[in-house]
Amino acid sequence: MQQVTSVMPETDAEGYLRRREDWSRELAETMAAADDIVLTDAHWEVIEFLQDYYTQYEIAPAIRILTKQIGKRFGKEKGNSRYLYELFPRGPAKQACRYAGLPKPTGCV
Amino acid sequence: MKSYPIIPLIAESQTSESLGYPGELVDDWQSKAIARLGELVRNNRALAVFMDTCTRCGACADKCHYGIGTGDPNNMPVARQELLRSVWRRHFTFFGRYLPWLVGARDLDRDMLDTWYRYFHQCSECRRCAVFCPKGIDTSEITMAGREVLASVGLGQHYSQTIVEKAARLGNNLGMKRPAIANTLDSLEEDLADELDEAEWGGPVRLPLDDASADVLVVVPSADFFAEPHVDGLLGLAKVLHVAGVRWTLSSEASEAANFALFAGNVEHERRQAQRLVDAARALGTTRLVVGECGHAWRVAGTRLAALVGAHRLASVTANAGAEHVCELTHELWQAGRIRLDASRNAGKVVTYHDSCNVARGARMGSSADGAFTLPRDLLTASVDRFVEMPRGSTHRETFCCGGGGGMLSDDQMQVRVQGVLPRARALATVVSTEQVTHLASICAICKTQLSTVLPMAAVDTSLEDIEIISLHTLIGNALLPPMASTE
């Protein structure tokens with residue numbers, strides 16, 4: 001992470017963007033690269049869905065809604081948490097939200 | 001994962017300030033902290049007694065799950081308590097002021113302040129040590145006060161303060177506004193409609209929100225709208241209430257059961273959050289207030305609600321003169337024959353039950369002294385073919401905390417969570433190996449998240465990776481017979 005901090009906009013202590021307007025596709029790719037992940041179309045389907053949902057509801061969707069909607073939009077074989085965990089091994093809600101420039105869902109979750 | 005010992009993240013300035021605390025450590029923190037400690041001891045009789053009564057007998061020394069898991073001597077409850085007590089003696093007792101070396105009184109220097117921050121956040125306020133203390137000293141009173149003192153000088157803990165602030169501003173820990181809750185419930189109703197045959201089940205199973213025609217206000221932890229395996233428990237409950245014909249509703253104003261302000265030691269915010277429940281009940285005109293599967297709700301709602309909001313106000317919205325636990329309601333419906341359970345519908349599951357600390361030691365349930373243990377077990381044994389108890393000393397009043405309670409359930413505290421789960425993991429591994437347990441049932445959102453996340457990481461037994469954590473009301477919902485079905 002050290003070599004990219006100079007171009008990173010401000011984040012909280014856990015690496016989530018403080019301001020959504022600082023987000024860019026390049027930034028998401030940089031964040032993912034730091035976790036040894038190359039963002040593919042499959043990743044972008046999830047990231048863009050999260051962003052659209054957040055724009056409408058001001059929070060990330062429940063995991064169940066995420067899996068259901070990804071399945072509906074992009075094919076049944078993608079509508080399960082195993083698929084999402086393969087894309088985002090640290091958890092679709094937390095890791096994908098971070099790449100999407102959204103705040104971390106915090107609570108008893 | 002950071003290695004032990006860890007220092008939990010400190011709350012962001014903005015969060016602390018919006019809760020009325022300084023945004024960062026104040027310059028005169030020493031005098032401010034001592035003054036705040038003095039206030040808290042003066043205003044809390046239990047705390048005042050606990051400053052004096054410890055005899056160092058050692059009965060608590062090996063009882064804390066964090067103590068067992070970390071092996072750190074400061075995680076012996078007596079040692080954790082002594083961090084606060086020794087400073088209190090230094091400033092508030094005669095001998096401590098003039099002969100501190102004689103009575104083990106210590107100064108509140110920067111090193112002590114940091115030690116407080118670290119070890120008051122390796123306590124989940126679970127009260128297991130208090131069960132074994134011959135004097136009944138409750139470490140949670142001490143660490144909650146310690147957390148409040150720390151927050152009052154600008155050292156609030158990130159996870160708890162974030163939650164308390166969000167619940168105060170938006171009504172729930174996750175920060176879900178009404179449109180998000182409504183959209184989630186619509187989606188879940190759709191799932192229920194796909195799963196259940198309407199003709200068989202007597203119409204669609206609903207998840208009503210802000211329904212002013214309801215009699216019963218149900219308040220669940222917001223995790224039940226959001227996380228797995230929590231959501232299934234909410235669906236199970238919806239099925240139960242549907243079959244029993246209960247007119248119930250959720251509320252977008254009281255959209256969080258858990259009251260984290262208690263665990264952060266912030267009585268004012270604890271009161272405000274408790275008030276939301278009563279206000280929502282009044283606005284909707286409900287006459288029963290039922291709290292869902294949430295230990296951090298029930299410790300407050302089951303015992304402290306009347307003191308927080310006023311007994312007369314609570315009585316004005318609850319025909320039974322107080323909040324009720326969802327297990328009390330479901331048990332009542334089952335006893336009255338309004339729901340019927342068929343354990344064979346959960347065939348193949350071998351289930352054990354994790355008593356959540358805040359239910360086991362924080363509150364009561366039902367009308368008998370041991371209702372908090374018998375009611376959930378009655379429902380469980382009616383819903384599954386095989387129920388197995390974990391070993392003695394790890395259940396009922398002596399249950400181990402899951403390791404994630406009371407403000408410990410954050411990623412930055414993961415190392416302590418993994419060590420804190422050890423006693424529960426070992427007890428579970430015993431019955432997995434002797435009884436082939438497949439499921440662990442729980443009635444607390446934090447236990448469900450912590451155990452499903454951390455059990456696979458605990459270096460105990462690889463068999464724990466396959467254990468499914470499940471809500472009690474998921475099992476009840478599975479076992480539930482449709483309204484018209486015959487039991488033959």
# chains A, B, ... in the order shown; residues from 1 in each chain; ligands from 1
call {"tool": "interface_residues", "arguments": {"of": "chain A", "to": "chain B", "cutoff": "8 Å", "atoms": "only C-alpha atoms", "output": "list of chain:residue names"}}
result
A:Ala13, A:Tyr57, A:Glu58, A:Ile59, A:Pro61, A:Ala62, A:Ile63, A:Arg64, A:Ile65, A:Pro105, A:Thr106, A:Gly107, A:Cys108, A:Val109
call {"tool": "residues_around", "arguments": {"residues": "Tyr99 (chain A)", "least_positions_apart": "6", "cutoff": "8 Å", "atoms": "only C-alpha atoms", "output": "mmCIF file with C-alpha atoms, in the first residue's frame"}}
result
data_model
loop_
_atom_site.group_PDB
_atom_site.id
_atom_site.type_symbol
_atom_site.label_atom_id
_atom_site.label_comp_id
_atom_site.auth_asym_id
_atom_site.auth_seq_id
_atom_site.Cartn_x
_atom_site.Cartn_y
_atom_site.Cartn_z
ATOM 1 C CA LEU A 27 -8.876 4.057 -7.788
ATOM 2 C CA ALA A 28 -10.956 0.873 -7.448
ATOM 3 C CA GLU A 29 -8.368 -0.946 -9.575
ATOM 4 C CA MET A 31 -7.335 -0.724 -4.218
ATOM 5 C CA ALA A 32 -7.947 -4.175 -5.674
ATOM 6 C CA ILE A 47 -19.426 -3.028 -7.789
#
call {"tool": "select_by_dssp", "arguments": {"residues": "chain A", "states": "helix (DSSP H, G or I)", "output": "mmCIF file with N, CA and C atoms, in the first residue's frame"}}
result
data_model
loop_
_atom_site.group_PDB
_atom_site.id
_atom_site.type_symbol
_atom_site.label_atom_id
_atom_site.label_comp_id
_atom_site.auth_asym_id
_atom_site.auth_seq_id
_atom_site.Cartn_x
_atom_site.Cartn_y
_atom_site.Cartn_z
ATOM 1 N N GLN A 2 2.062 1.213 0.585
ATOM 2 C CA GLN A 2 2.830 2.421 0.838
ATOM 3 C C GLN A 2 3.034 3.264 -0.418
ATOM 4 N N GLN A 3 3.353 2.606 -1.557
ATOM 5 C CA GLN A 3 3.716 3.366 -2.739
ATOM 6 C C GLN A 3 2.524 4.063 -3.392
ATOM 7 N N VAL A 4 1.283 3.667 -3.008
ATOM 8 C CA VAL A 4 0.124 4.294 -3.653
ATOM 9 C C VAL A 4 -0.518 5.353 -2.771
ATOM 10 N N ARG A 20 -17.438 10.013 -1.284
ATOM 11 C CA ARG A 20 -17.761 9.172 -2.437
ATOM 12 C C ARG A 20 -17.307 9.814 -3.739
ATOM 13 N N GLU A 21 -17.324 11.171 -3.787
ATOM 14 C CA GLU A 21 -16.967 11.861 -5.033
ATOM 15 C C GLU A 21 -15.489 11.689 -5.393
ATOM 16 N N ASP A 22 -14.683 11.187 -4.464
ATOM 17 C CA ASP A 22 -13.275 10.920 -4.768
ATOM 18 C C ASP A 22 -13.091 9.620 -5.565
ATOM 19 N N ARG A 25 -12.757 4.684 -11.346
ATOM 20 C CA ARG A 25 -12.484 3.285 -11.699
ATOM 21 C C ARG A 25 -11.018 2.938 -11.441
ATOM 22 N N GLU A 26 -10.139 3.894 -11.753
ATOM 23 C CA GLU A 26 -8.700 3.660 -11.551
ATOM 24 C C GLU A 26 -8.410 3.415 -10.069
ATOM 25 N N LEU A 27 -9.093 4.202 -9.232
ATOM 26 C CA LEU A 27 -8.876 4.057 -7.788
ATOM 27 C C LEU A 27 -9.308 2.666 -7.320
ATOM 28 N N ALA A 28 -10.473 2.209 -7.818
ATOM 29 C CA ALA A 28 -10.956 0.873 -7.448
ATOM 30 C C ALA A 28 -9.940 -0.179 -7.876
ATOM 31 N N GLU A 29 -9.370 0.016 -9.081
ATOM 32 C CA GLU A 29 -8.368 -0.946 -9.575
ATOM 33 C C GLU A 29 -7.107 -0.925 -8.711
ATOM 34 N N THR A 30 -6.735 0.272 -8.263
ATOM 35 C CA THR A 30 -5.559 0.397 -7.390
ATOM 36 C C THR A 30 -5.797 -0.307 -6.052
ATOM 37 N N MET A 31 -6.993 -0.076 -5.493
ATOM 38 C CA MET A 31 -7.335 -0.724 -4.218
ATOM 39 C C MET A 31 -7.305 -2.238 -4.361
ATOM 40 N N ALA A 32 -7.889 -2.733 -5.454
ATOM 41 C CA ALA A 32 -7.947 -4.175 -5.674
ATOM 42 C C ALA A 32 -6.546 -4.738 -5.882
ATOM 43 N N ALA A 33 -5.712 -3.998 -6.634
ATOM 44 C CA ALA A 33 -4.348 -4.473 -6.908
ATOM 45 C C ALA A 33 -3.576 -4.654 -5.606
ATOM 46 N N ALA A 34 -3.845 -3.769 -4.645
ATOM 47 C CA ALA A 34 -3.158 -3.887 -3.348
ATOM 48 C C ALA A 34 -3.537 -5.179 -2.636
ATOM 49 N N ASP A 41 -14.844 -8.055 -15.523
ATOM 50 C CA ASP A 41 -16.239 -7.647 -15.744
ATOM 51 C C ASP A 41 -17.143 -8.182 -14.629
ATOM 52 N N ALA A 42 -16.830 -9.388 -14.169
ATOM 53 C CA ALA A 42 -17.653 -9.988 -13.108
ATOM 54 C C ALA A 42 -17.589 -9.147 -11.833
ATOM 55 N N HIS A 43 -16.396 -8.647 -11.502
ATOM 56 C CA HIS A 43 -16.277 -7.770 -10.331
ATOM 57 C C HIS A 43 -17.072 -6.482 -10.542
ATOM 58 N N TRP A 44 -16.946 -5.945 -11.742
ATOM 59 C CA TRP A 44 -17.622 -4.659 -12.007
ATOM 60 C C TRP A 44 -19.138 -4.777 -11.940
ATOM 61 N N GLU A 45 -19.665 -5.930 -12.344
ATOM 62 C CA GLU A 45 -21.124 -6.122 -12.229
ATOM 63 C C GLU A 45 -21.564 -5.904 -10.785
ATOM 64 N N VAL A 46 -20.787 -6.474 -9.855
ATOM 65 C CA VAL A 46 -21.143 -6.362 -8.436
ATOM 66 C C VAL A 46 -20.919 -4.934 -7.939
ATOM 67 N N ILE A 47 -19.759 -4.379 -8.269
ATOM 68 C CA ILE A 47 -19.426 -3.028 -7.789
ATOM 69 C C ILE A 47 -20.467 -2.021 -8.283
ATOM 70 N N GLU A 48 -20.825 -2.119 -9.549
ATOM 71 C CA GLU A 48 -21.787 -1.153 -10.093
ATOM 72 C C GLU A 48 -23.181 -1.352 -9.511
ATOM 73 N N PHE A 49 -23.548 -2.599 -9.256
ATOM 74 C CA PHE A 49 -24.844 -2.819 -8.599
ATOM 75 C C PHE A 49 -24.857 -2.181 -7.208
ATOM 76 N N LEU A 50 -23.769 -2.379 -6.463
ATOM 77 C CA LEU A 50 -23.688 -1.798 -5.108
ATOM 78 C C LEU A 50 -23.815 -0.275 -5.183
ATOM 79 N N GLN A 51 -23.143 0.321 -6.149
ATOM 80 C CA GLN A 51 -23.193 1.788 -6.269
ATOM 81 C C GLN A 51 -24.605 2.269 -6.602
ATOM 82 N N ASP A 52 -25.259 1.554 -7.524
ATOM 83 C CA ASP A 52 -26.631 1.955 -7.883
ATOM 84 C C ASP A 52 -27.560 1.829 -6.679
ATOM 85 N N TYR A 53 -27.404 0.715 -5.950
ATOM 86 C CA TYR A 53 -28.271 0.493 -4.786
ATOM 87 C C TYR A 53 -28.022 1.573 -3.744
ATOM 88 N N TYR A 54 -26.747 1.886 -3.551
ATOM 89 C CA TYR A 54 -26.398 2.899 -2.547
ATOM 90 C C TYR A 54 -26.963 4.267 -2.929
ATOM 91 N N THR A 55 -26.907 4.587 -4.205
ATOM 92 C CA THR A 55 -27.439 5.879 -4.657
ATOM 93 C C THR A 55 -28.915 5.989 -4.306
ATOM 94 N N GLN A 56 -29.623 4.874 -4.442
ATOM 95 C CA GLN A 56 -31.061 4.902 -4.168
ATOM 96 C C GLN A 56 -31.378 4.817 -2.675
ATOM 97 N N TYR A 57 -30.634 3.975 -1.933
ATOM 98 C CA TYR A 57 -31.047 3.670 -0.552
ATOM 99 C C TYR A 57 -30.077 4.152 0.531
ATOM 100 N N ILE A 63 -26.979 -8.945 2.053
ATOM 101 C CA ILE A 63 -26.331 -9.985 1.241
ATOM 102 C C ILE A 63 -27.364 -10.734 0.394
ATOM 103 N N ARG A 64 -28.526 -11.002 1.008
ATOM 104 C CA ARG A 64 -29.542 -11.776 0.299
ATOM 105 C C ARG A 64 -30.079 -11.029 -0.920
ATOM 106 N N ILE A 65 -30.221 -9.705 -0.770
ATOM 107 C CA ILE A 65 -30.686 -8.900 -1.906
ATOM 108 C C ILE A 65 -29.602 -8.847 -2.972
ATOM 109 N N LEU A 66 -28.366 -8.715 -2.529
ATOM 110 C CA LEU A 66 -27.247 -8.676 -3.474
ATOM 111 C C LEU A 66 -27.199 -9.958 -4.306
ATOM 112 N N THR A 67 -27.262 -11.107 -3.641
ATOM 113 C CA THR A 67 -27.164 -12.363 -4.392
ATOM 114 C C THR A 67 -28.369 -12.530 -5.325
ATOM 115 N N LYS A 68 -29.554 -12.174 -4.822
ATOM 116 C CA LYS A 68 -30.756 -12.343 -5.641
ATOM 117 C C LYS A 68 -30.692 -11.455 -6.892
ATOM 118 N N GLN A 69 -30.313 -10.191 -6.691
ATOM 119 C CA GLN A 69 -30.313 -9.257 -7.817
ATOM 120 C C GLN A 69 -29.194 -9.570 -8.818
ATOM 121 N N ILE A 70 -28.033 -9.975 -8.313
ATOM 122 C CA ILE A 70 -26.946 -10.349 -9.224
ATOM 123 C C ILE A 70 -27.379 -11.568 -10.051
ATOM 124 N N GLY A 71 -28.054 -12.517 -9.403
ATOM 125 C CA GLY A 71 -28.569 -13.688 -10.107
ATOM 126 C C GLY A 71 -29.587 -13.308 -11.178
ATOM 127 N N LYS A 72 -30.501 -12.408 -10.810
ATOM 128 C CA LYS A 72 -31.546 -11.982 -11.752
ATOM 129 C C LYS A 72 -30.958 -11.271 -12.962
ATOM 130 N N ARG A 73 -29.973 -10.409 -12.712
ATOM 131 C CA ARG A 73 -29.449 -9.565 -13.779
ATOM 132 C C ARG A 73 -28.411 -10.262 -14.640
ATOM 133 N N PHE A 74 -27.584 -11.088 -13.999
ATOM 134 C CA PHE A 74 -26.420 -11.572 -14.740
ATOM 135 C C PHE A 74 -26.388 -13.091 -14.886
ATOM 136 N N LYS A 76 -28.369 -16.989 -13.330
ATOM 137 C CA LYS A 76 -28.648 -17.735 -12.101
ATOM 138 C C LYS A 76 -27.390 -18.247 -11.419
ATOM 139 N N GLU A 77 -26.413 -18.674 -12.254
ATOM 140 C CA GLU A 77 -25.198 -19.275 -11.679
ATOM 141 C C GLU A 77 -24.406 -18.275 -10.833
ATOM 142 N N LYS A 78 -24.734 -16.963 -10.980
ATOM 143 C CA LYS A 78 -24.019 -15.932 -10.206
ATOM 144 C C LYS A 78 -24.771 -15.533 -8.933
ATOM 145 N N SER A 81 -23.825 -16.884 -2.692
ATOM 146 C CA SER A 81 -22.747 -16.211 -1.964
ATOM 147 C C SER A 81 -21.395 -16.853 -2.249
ATOM 148 N N ARG A 82 -21.385 -18.124 -2.642
ATOM 149 C CA ARG A 82 -20.109 -18.767 -2.973
ATOM 150 C C ARG A 82 -19.432 -18.023 -4.140
ATOM 151 N N TYR A 83 -20.237 -17.724 -5.161
ATOM 152 C CA TYR A 83 -19.719 -16.988 -6.316
ATOM 153 C C TYR A 83 -19.172 -15.625 -5.890
ATOM 154 N N LEU A 84 -19.936 -14.922 -5.021
ATOM 155 C CA LEU A 84 -19.516 -13.588 -4.600
ATOM 156 C C LEU A 84 -18.249 -13.638 -3.743
ATOM 157 N N TYR A 85 -18.139 -14.687 -2.916
ATOM 158 C CA TYR A 85 -16.930 -14.821 -2.099
ATOM 159 C C TYR A 85 -15.711 -15.179 -2.947
ATOM 160 N N GLU A 86 -15.951 -15.869 -4.076
ATOM 161 C CA GLU A 86 -14.829 -16.144 -4.978
ATOM 162 C C GLU A 86 -14.290 -14.840 -5.560
ATOM 163 N N LEU A 87 -15.212 -13.926 -5.884
ATOM 164 C CA LEU A 87 -14.797 -12.635 -6.437
ATOM 165 C C LEU A 87 -14.151 -11.760 -5.369
ATOM 166 N N PRO A 92 -18.219 -10.075 0.236
ATOM 167 C CA PRO A 92 -18.744 -9.156 -0.777
ATOM 168 C C PRO A 92 -19.196 -7.828 -0.175
ATOM 169 N N ALA A 93 -19.784 -7.863 1.017
ATOM 170 C CA ALA A 93 -20.303 -6.614 1.570
ATOM 171 C C ALA A 93 -19.154 -5.655 1.873
ATOM 172 N N LYS A 94 -18.161 -6.161 2.599
ATOM 173 C CA LYS A 94 -17.108 -5.248 3.055
ATOM 174 C C LYS A 94 -16.105 -4.914 1.957
ATOM 175 N N GLN A 95 -15.564 -5.946 1.316
ATOM 176 C CA GLN A 95 -14.499 -5.694 0.343
ATOM 177 C C GLN A 95 -15.035 -4.983 -0.903
ATOM 178 N N ALA A 96 -16.174 -5.434 -1.409
ATOM 179 C CA ALA A 96 -16.716 -4.821 -2.619
ATOM 180 C C ALA A 96 -17.170 -3.392 -2.344
ATOM 181 N N CYS A 97 -17.706 -3.139 -1.161
ATOM 182 C CA CYS A 97 -18.105 -1.772 -0.799
ATOM 183 C C CYS A 97 -16.888 -0.849 -0.782
ATOM 184 N N ARG A 98 -15.772 -1.378 -0.307
ATOM 185 C CA ARG A 98 -14.570 -0.539 -0.252
ATOM 186 C C ARG A 98 -14.125 -0.164 -1.661
ATOM 187 N N TYR A 99 -14.089 -1.148 -2.571
ATOM 188 C CA TYR A 99 -13.698 -0.843 -3.949
ATOM 189 C C TYR A 99 -14.712 0.093 -4.609
#
call {"tool": "residues_around", "arguments": {"residues": "region 15-29 of chain B", "least_positions_apart": "4", "cutoff": "10 Å", "atoms": "only C-alpha atoms", "output": "JSON, numbers by chain"}}
result
{"B": [10, 11, 33, 34, 35, 108, 109, 110, 113, 148, 149, 150, 151, 152, 153, 154, 155, 156, 157, 158, 161, 162, 163, 164, 165, 166, 168, 169, 266, 268, 269]}
call {"tool": "atom_distance", "arguments": {"atom1": "CA of Asp355 (chain B)", "atom2": "CA of His396 (chain B)"}}
result
6.0 Å
call {"tool": "select_by_dssp", "arguments": {"residues": "region 277-448 of chain B", "states": "strand (DSSP E)", "output": "number ranges by chain"}}
result
B: 288-291, 324-325, 350-353, 386-388, 439-442
call {"tool": "atom_distance", "arguments": {"atom1": "CA of Leu217 (chain B)", "atom2": "CA of Gly233 (chain B)"}}
result
16.8 Å
call {"tool": "residues_around", "arguments": {"residues": "Val388 (chain B)", "least_positions_apart": "4", "cutoff": "12 Å", "atoms": "only C-alpha atoms", "output": "list of chain:residue names"}}
result
B:Lys349, B:Val350, B:Val351, B:Thr352, B:Tyr353, B:His354, B:Arg377, B:Leu380, B:Thr381, B:Val384, B:Arg392, B:Thr395, B:Ala427, B:Leu428, B:Thr430, B:Val431, B:Val432, B:Ser433, B:Thr434, B:Glu435, B:Gln436, B:Val437, B:Thr438, B:His439, B:Leu440, B:Ala441
call {"tool": "write_last_selection", "arguments": {"atoms": "N, CA and C atoms", "output": "PDB file, in the first residue's frame"}}
result
ATOM      1  N   LYS B 349     -30.829 -32.947  11.506  1.00  0.00           N
ATOM      2  CA  LYS B 349     -30.025 -31.943  12.210  1.00  0.00           C
ATOM      3  C   LYS B 349     -29.781 -32.404  13.652  1.00  0.00           C
ATOM      4  N   VAL B 350     -28.534 -32.312  14.087  1.00  0.00           N
ATOM      5  CA  VAL B 350     -28.209 -32.524  15.496  1.00  0.00           C
ATOM      6  C   VAL B 350     -27.796 -31.152  16.036  1.00  0.00           C
ATOM      7  N   VAL B 351     -28.608 -30.639  16.965  1.00  0.00           N
ATOM      8  CA  VAL B 351     -28.499 -29.226  17.310  1.00  0.00           C
ATOM      9  C   VAL B 351     -28.054 -29.047  18.755  1.00  0.00           C
ATOM     10  N   THR B 352     -27.119 -28.129  18.947  1.00  0.00           N
ATOM     11  CA  THR B 352     -26.780 -27.705  20.294  1.00  0.00           C
ATOM     12  C   THR B 352     -27.165 -26.237  20.442  1.00  0.00           C
ATOM     13  N   TYR B 353     -27.162 -25.739  21.690  1.00  0.00           N
ATOM     14  CA  TYR B 353     -27.651 -24.388  21.939  1.00  0.00           C
ATOM     15  C   TYR B 353     -26.618 -23.589  22.718  1.00  0.00           C
ATOM     16  N   HIS B 354     -26.313 -22.423  22.202  1.00  0.00           N
ATOM     17  CA  HIS B 354     -25.373 -21.506  22.852  1.00  0.00           C
ATOM     18  C   HIS B 354     -26.177 -20.478  23.653  1.00  0.00           C
ATOM     19  N   ARG B 377     -35.033 -23.667  25.258  1.00  0.00           N
ATOM     20  CA  ARG B 377     -34.828 -25.119  25.109  1.00  0.00           C
ATOM     21  C   ARG B 377     -36.140 -25.854  24.846  1.00  0.00           C
ATOM     22  N   LEU B 380     -36.761 -25.334  21.256  1.00  0.00           N
ATOM     23  CA  LEU B 380     -35.779 -26.060  20.460  1.00  0.00           C
ATOM     24  C   LEU B 380     -36.091 -27.551  20.428  1.00  0.00           C
ATOM     25  N   THR B 381     -36.386 -28.126  21.600  1.00  0.00           N
ATOM     26  CA  THR B 381     -36.627 -29.567  21.629  1.00  0.00           C
ATOM     27  C   THR B 381     -37.943 -29.926  20.935  1.00  0.00           C
ATOM     28  N   VAL B 384     -36.695 -29.805  16.950  1.00  0.00           N
ATOM     29  CA  VAL B 384     -35.674 -30.673  16.346  1.00  0.00           C
ATOM     30  C   VAL B 384     -35.718 -32.061  16.978  1.00  0.00           C
ATOM     31  N   ARG B 392     -21.084 -29.317  30.876  1.00  0.00           N
ATOM     32  CA  ARG B 392     -21.356 -28.495  32.072  1.00  0.00           C
ATOM     33  C   ARG B 392     -20.265 -27.454  32.257  1.00  0.00           C
ATOM     34  N   THR B 395     -22.623 -23.834  29.804  1.00  0.00           N
ATOM     35  CA  THR B 395     -24.013 -23.555  29.431  1.00  0.00           C
ATOM     36  C   THR B 395     -24.731 -22.839  30.577  1.00  0.00           C
ATOM     37  N   ALA B 427     -15.773 -26.310  23.894  1.00  0.00           N
ATOM     38  CA  ALA B 427     -16.988 -26.983  24.371  1.00  0.00           C
ATOM     39  C   ALA B 427     -17.779 -27.544  23.191  1.00  0.00           C
ATOM     40  N   LEU B 428     -17.838 -26.774  22.123  1.00  0.00           N
ATOM     41  CA  LEU B 428     -18.568 -27.216  20.934  1.00  0.00           C
ATOM     42  C   LEU B 428     -17.866 -28.421  20.288  1.00  0.00           C
ATOM     43  N   THR B 430     -16.260 -30.712  21.636  1.00  0.00           N
ATOM     44  CA  THR B 430     -16.554 -31.925  22.404  1.00  0.00           C
ATOM     45  C   THR B 430     -17.814 -32.612  21.884  1.00  0.00           C
ATOM     46  N   VAL B 431     -18.897 -31.834  21.741  1.00  0.00           N
ATOM     47  CA  VAL B 431     -20.148 -32.468  21.312  1.00  0.00           C
ATOM     48  C   VAL B 431     -20.184 -32.736  19.809  1.00  0.00           C
ATOM     49  N   VAL B 432     -19.344 -32.050  19.065  1.00  0.00           N
ATOM     50  CA  VAL B 432     -19.240 -32.389  17.640  1.00  0.00           C
ATOM     51  C   VAL B 432     -18.600 -33.766  17.521  1.00  0.00           C
ATOM     52  N   SER B 433     -17.608 -34.023  18.343  1.00  0.00           N
ATOM     53  CA  SER B 433     -16.920 -35.311  18.220  1.00  0.00           C
ATOM     54  C   SER B 433     -17.715 -36.447  18.870  1.00  0.00           C
ATOM     55  N   THR B 434     -18.411 -36.202  20.001  1.00  0.00           N
ATOM     56  CA  THR B 434     -19.118 -37.310  20.663  1.00  0.00           C
ATOM     57  C   THR B 434     -20.536 -37.506  20.142  1.00  0.00           C
ATOM     58  N   GLU B 435     -21.193 -36.427  19.713  1.00  0.00           N
ATOM     59  CA  GLU B 435     -22.615 -36.529  19.341  1.00  0.00           C
ATOM     60  C   GLU B 435     -22.877 -36.149  17.888  1.00  0.00           C
ATOM     61  N   GLN B 436     -21.813 -35.850  17.150  1.00  0.00           N
ATOM     62  CA  GLN B 436     -21.951 -35.461  15.740  1.00  0.00           C
ATOM     63  C   GLN B 436     -22.906 -34.275  15.542  1.00  0.00           C
ATOM     64  N   VAL B 437     -22.741 -33.278  16.396  1.00  0.00           N
ATOM     65  CA  VAL B 437     -23.559 -32.069  16.269  1.00  0.00           C
ATOM     66  C   VAL B 437     -23.319 -31.415  14.912  1.00  0.00           C
ATOM     67  N   THR B 438     -24.424 -30.960  14.276  1.00  0.00           N
ATOM     68  CA  THR B 438     -24.320 -30.322  12.961  1.00  0.00           C
ATOM     69  C   THR B 438     -24.652 -28.834  13.002  1.00  0.00           C
ATOM     70  N   HIS B 439     -25.475 -28.423  13.979  1.00  0.00           N
ATOM     71  CA  HIS B 439     -25.934 -27.031  14.032  1.00  0.00           C
ATOM     72  C   HIS B 439     -25.781 -26.466  15.439  1.00  0.00           C
ATOM     73  N   LEU B 440     -25.469 -25.179  15.510  1.00  0.00           N
ATOM     74  CA  LEU B 440     -25.475 -24.473  16.784  1.00  0.00           C
ATOM     75  C   LEU B 440     -26.529 -23.376  16.693  1.00  0.00           C
ATOM     76  N   ALA B 441     -27.525 -23.444  17.583  1.00  0.00           N
ATOM     77  CA  ALA B 441     -28.602 -22.452  17.574  1.00  0.00           C
ATOM     78  C   ALA B 441     -28.280 -21.334  18.548  1.00  0.00           C
TER      79      ALA B 441
END
call {"tool": "residues_around", "arguments": {"residues": "Glu200 (chain B)", "least_positions_apart": "2", "cutoff": "12 Å", "atoms": "only C-alpha atoms", "output": "PyMOL selection string"}}
result
chain B and resi 193+195-198+202-205+243+481-486
call {"tool": "write_last_selection", "arguments": {"atoms": "N, CA and C atoms", "output": "short mmCIF file (atom, residue, chain, number, x, y, z; two decimals), in the first residue's frame"}}
result
data_model
loop_
_atom_site.label_atom_id
_atom_site.label_comp_id
_atom_site.auth_asym_id
_atom_site.auth_seq_id
_atom_site.Cartn_x
_atom_site.Cartn_y
_atom_site.Cartn_z
N ALA B 193 -42.91 -15.73 -0.57
CA ALA B 193 -43.97 -16.09 -1.52
C ALA B 193 -43.49 -17.19 -2.47
N GLU B 195 -41.29 -19.43 -1.70
CA GLU B 195 -41.03 -20.66 -0.94
C GLU B 195 -42.31 -21.35 -0.48
N LEU B 196 -43.32 -20.54 -0.11
CA LEU B 196 -44.50 -21.11 0.54
C LEU B 196 -45.71 -21.07 -0.39
N ASP B 197 -46.45 -22.17 -0.40
CA ASP B 197 -47.67 -22.24 -1.20
C ASP B 197 -48.79 -21.49 -0.47
N GLU B 198 -49.29 -20.45 -1.10
CA GLU B 198 -50.27 -19.57 -0.44
C GLU B 198 -51.52 -20.31 0.02
N GLY B 202 -52.47 -20.36 3.92
CA GLY B 202 -53.54 -19.42 4.24
C GLY B 202 -53.17 -17.98 3.93
N GLY B 203 -52.69 -17.74 2.73
CA GLY B 203 -52.36 -16.37 2.31
C GLY B 203 -50.88 -16.09 2.42
N PRO B 204 -50.46 -14.93 1.90
CA PRO B 204 -49.03 -14.61 1.91
C PRO B 204 -48.53 -14.29 3.32
N VAL B 205 -47.30 -14.71 3.62
CA VAL B 205 -46.68 -14.36 4.90
C VAL B 205 -46.07 -12.97 4.75
N VAL B 243 -49.05 -17.75 11.14
CA VAL B 243 -49.88 -18.93 11.45
C VAL B 243 -50.72 -18.70 12.71
N LEU B 481 -45.99 -26.15 11.37
CA LEU B 481 -46.96 -26.75 10.46
C LEU B 481 -47.87 -25.66 9.90
N PRO B 482 -48.26 -25.79 8.64
CA PRO B 482 -49.19 -24.81 8.06
C PRO B 482 -50.50 -24.82 8.85
N PRO B 483 -51.29 -23.76 8.74
CA PRO B 483 -52.47 -23.60 9.60
C PRO B 483 -53.44 -24.78 9.56
N MET B 484 -53.66 -25.38 8.38
CA MET B 484 -54.73 -26.37 8.26
C MET B 484 -54.22 -27.81 8.30
N ALA B 485 -52.89 -27.97 8.32
CA ALA B 485 -52.37 -29.32 8.17
C ALA B 485 -52.71 -30.19 9.37
N SER B 486 -52.84 -31.47 9.11
CA SER B 486 -53.09 -32.42 10.19
C SER B 486 -51.75 -32.85 10.76
#
